[in-house]
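Each remark here refers to the structure printed beneath this line.
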Amino acid sequence: MVVQGESVSTKGNENIKKKSIFSYLGPALITSALVLGPGSVTLSSKIGAIYGMQLVWTIILAIALMMVYTEMSTRIGLAAEHSFIQTIKKKWGIPAGILIGIGAFLVTASFQAGNAIGTGIAVSAVTDMNPTIWIIIFTLISIALLFAKKFYQILEKMMLVLVVIMLLAFLITVIVVQPSIVDIFKGFIPVLPEGSMGLVIALFATSFSIVGALYQSYLVKEKGWKITDAANGRKESFLGIFLLGFISFLIMITAATILKPQGLVVSDASEMGLALEPLFGSWSTFVFMLGLFGASFSSLMGNATIGGSLLADGLGLGSSLSNLKVKLLIIVVMLFGSIIGIVFGSAPLNLIVFAQAVTIFVVPFIAIAILVVANDKNIMGELKNKLLSNILGIIGLLVLIYLAFNNLKNIFFS
């Protein structure tokens with residue numbers, strides 16, 4: 001009887017442990033969902049279509065670096081008394097905080113059109129209705145959700161659902177197309193095919209989002225975590241970003257299996273779904289478009305939330321998602337992207353160039369700021385960076401500087 005009692009007790013403890021870990025899911029899932037947008041889906045599809053499995057390793061590297069900065073940002077959110085931008089203002093002065101806020105706002109606003117267009121295309125491909133109608137509908141739904149009670153909790157649950165939709169949709173697609181396991185493992189070996197550098201750089205720019213990683217510190221505070229939650233919070237940050245990478249990986253190997261043998265190269269993510277139809281029927285297109293919708297709508301909301309929140313914090317208006325001023329600035333980002341998407345049908349080239357120009361200066365600066373704060377003993381206490389985090393963080397910073405240098409060269413010297 002004693003043995004049975006111990007067995008029941010052990011099972012009870014295991015259930016409690018499982019429940020407590022599950023309850024931590026949230027911030028990094030939101031980060032993952034907002035980073036994985038239609039641009040990421042298109043790039044993963046295009047790389048797979050052109051280079052097959054050869055560049056699978058690039059996703060692994062980009063996601064590893066994203067994990068490092070997201071985990072750092074998680075610890076900052078737990079340890080710092082104030083928000084990240086307010087912490088930077090105290091450390092480097094008000095202009096530094098304003099620069100981060102305005103820079104994040106401009107970058108997210110510039111790329112918001114792609115999220116709006118992706119949402120409209122994904123639904124219109126299934127319903128045969130004009131994408132503009134769906135852009136308007138889902139923009140209005142997003143604005144309405146902002147004013148719901150406990151918006152963060154709604155955002156968290158919605159992103160969890162959208163991540164699950166993306167994961168299942170793209171996983172089912174991979175199971176249907178049956179990629180070569182041998183070829184997948186060959187893709188883990190780093191090679192750089194001729195002419196691939198441009199797409200590799202673009203993939204890193206979309207998957208290794210330093211602005212998304214930074215916002216993790218804000219989500220941690222919205223969640224209400226404390227320093228005592230550090231261990232599980234760090235695990236959650238790794239899990240959430242792993243899912244981001246895994247979904248991109250699934251898309252790439254699907255494109256490598258289906259598109260490359262046919263010599264098809266996609267110009268947008270919807271073409272990937274349509275390419276599946278001749279081989280597997282209309283239901284496969286529906287499944288893929290469901291995944292594309294999840295990626296687009298999660299970014300439509302999440303990207304705007306980042307831009308509006310960080311601008312508000314930079315201007316000293318607050319950063320809480322319950323703050324009316326923060327909500328109004330989030331709406332500005334949403335409306336800007338939707339209007340651009342409806343009027344132009346795609347992000348204008350000048351807008352993309354402008355976003356890249358802002359990125360050149362702001363993104364490396366944010367990465368440096370994260371590294372500096374994460375190494376400040378007075379702010380971080382026992383959660384201060386260890387040697388491995390610093391080594392990987394510096395590697396990530398060098399990658400971001402290279403991306404910025406490449407953008408600088410392309411914009412001003414090509």
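Naming works like this for the structure tokens: A, B, ... for the chains as they're shown, residue 1 at the start of each chain, ligands 1 onward in shown order.
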Asn303 in chain A surroundings by only C-alpha atoms, 7 Å radius, close-in-sequence under 4 positions cut, as a compact mmCIF listing (two decimals) with N, CA and C atoms, in the first residue's frame:
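Result went into part32.txt, see below:
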# COMPACT_ATOMS: atom_id res chain seq x y z
N LEU A 34 4.51 36.29 -34.85
CA LEU A 34 4.58 37.59 -35.52
C LEU A 34 5.81 37.69 -36.44
N THR A 108 8.46 48.28 -38.80
CA THR A 108 7.23 47.46 -38.78
C THR A 108 6.16 48.06 -39.70
N GLN A 112 4.35 46.24 -43.00
CA GLN A 112 3.00 45.84 -42.63
C GLN A 112 2.12 45.56 -43.84
N SER A 299 1.00 37.93 -38.14
CA SER A 299 1.93 39.05 -38.34
C SER A 299 1.19 40.37 -38.51
N GLY A 307 5.33 47.61 -33.38
CA GLY A 307 5.61 48.97 -33.83
C GLY A 307 4.93 50.02 -32.97
Contacts of Thr228 in chain A within 12 Å, only C-alpha atoms, excl. fewer than 5 positions in-chain, as a PyMOL selection string = chain A and resi 75+78-79+233-234+382-383
Spatial neighbours of Lys89 in chain A, max dist 12 Å, only C-alpha atoms, sep filter under 2 positions, as a PyMOL selection string = chain A and resi 82-87+91-101+313-316+369+373
If you take only C-alpha atoms and a cut-off of 7 Å, which residues of range 52-116 of chain A touch range 393-412 of chain A, and what are their nearest atom pairs and distances in Å to one decimal, in chain and number order, as JSON lines?
{"residue": "A:Leu65", "atom": "CA", "partner": "A:Gly396", "partner_atom": "CA", "distance": 5.7}
{"residue": "A:Val68", "atom": "CA", "partner": "A:Gly393", "partner_atom": "CA", "distance": 6.5}
{"residue": "A:Tyr69", "atom": "CA", "partner": "A:Gly393", "partner_atom": "CA", "distance": 6.8}
Residues of the last selection are to be written out with N, CA and C atoms, as a tab-separated table (two decimals), in the first residue's frame.
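Produced file result_1.tsv, reproduced below:
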chain	number	residue	atom	x	y	z
A	65	LEU	N	20.38	31.84	-33.72
A	65	LEU	CA	20.71	33.21	-33.31
A	65	LEU	C	19.48	33.93	-32.78
A	68	VAL	N	18.97	32.90	-29.22
A	68	VAL	CA	19.92	33.54	-28.29
A	68	VAL	C	19.39	34.90	-27.85
A	69	TYR	N	18.96	35.71	-28.82
A	69	TYR	CA	18.51	37.07	-28.47
A	69	TYR	C	17.13	37.08	-27.82
Residues of range 69-146 of chain A that have any atom at most 6 Å from an atom of range 212-220 of chain A: could you tabulate them with the shortest-distance atom pair and the distance in Å to one decimal, using only C-alpha atoms, ordered by chain and increasing number, as a Markdown table?
| residue | atom | partner | partner_atom | distance |
| --- | --- | --- | --- | --- |
| A:Tyr69 | CA | A:Ala213 | CA | 5.9 |
| A:Thr70 | CA | A:Ala213 | CA | 4.5 |
| A:Ser73 | CA | A:Ser217 | CA | 4.9 |
| A:Thr74 | CA | A:Ser217 | CA | 5.1 |
| A:Gly77 | CA | A:Ser217 | CA | 4.0 |
Keeping C-alpha atoms for every residue in the selection just given, could you write it to a file as a PDB file, in the first residue's frame?
ATOM      1  CA  TYR A  69      18.509  37.070 -28.466  1.00  0.00           C
ATOM      2  CA  THR A  70      14.961  36.059 -27.547  1.00  0.00           C
ATOM      3  CA  SER A  73      15.355  39.499 -23.940  1.00  0.00           C
ATOM      4  CA  THR A  74      13.314  37.146 -21.748  1.00  0.00           C
ATOM      5  CA  GLY A  77      12.095  41.398 -19.091  1.00  0.00           C
TER       6      GLY A  77
END
All residues 10 Å or closer to Val266 in chain A, only C-alpha atoms, same chain fewer than 4 positions away omitted, as a count of residues only = 15
From a DSSP calculation on the backbone, collect every residue of range 127-160 of chain A in alpha helix (DSSP H) and output the set as a PyMOL selection string.
-> chain A and resi 127+131-146+151-160
Near-Val332 in chain A list (12 Å; only C-alpha atoms; drop same-chain fewer than 5 positions) as a list in words |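 The residues satisfying every condition are Phe105, Leu106, Thr108, Ala109, Ser110, Gln112, Thr139, Ser142, Ile143, Met301, Asn303, Ala304, Thr305, Ile306, Gly307, Gly308, Ser309, Leu311, Ala312, Lys325, Val326, Lys327, Gly337, Ser338 and Ile339 of chain A.
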What is the distance between CA of Ile241 in chain A and CA of Ala64 in chain A, in Å to one decimal?
->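 Between CA of Ile241 in chain A and CA of Ala64 in chain A the gap is 8.5 Å.
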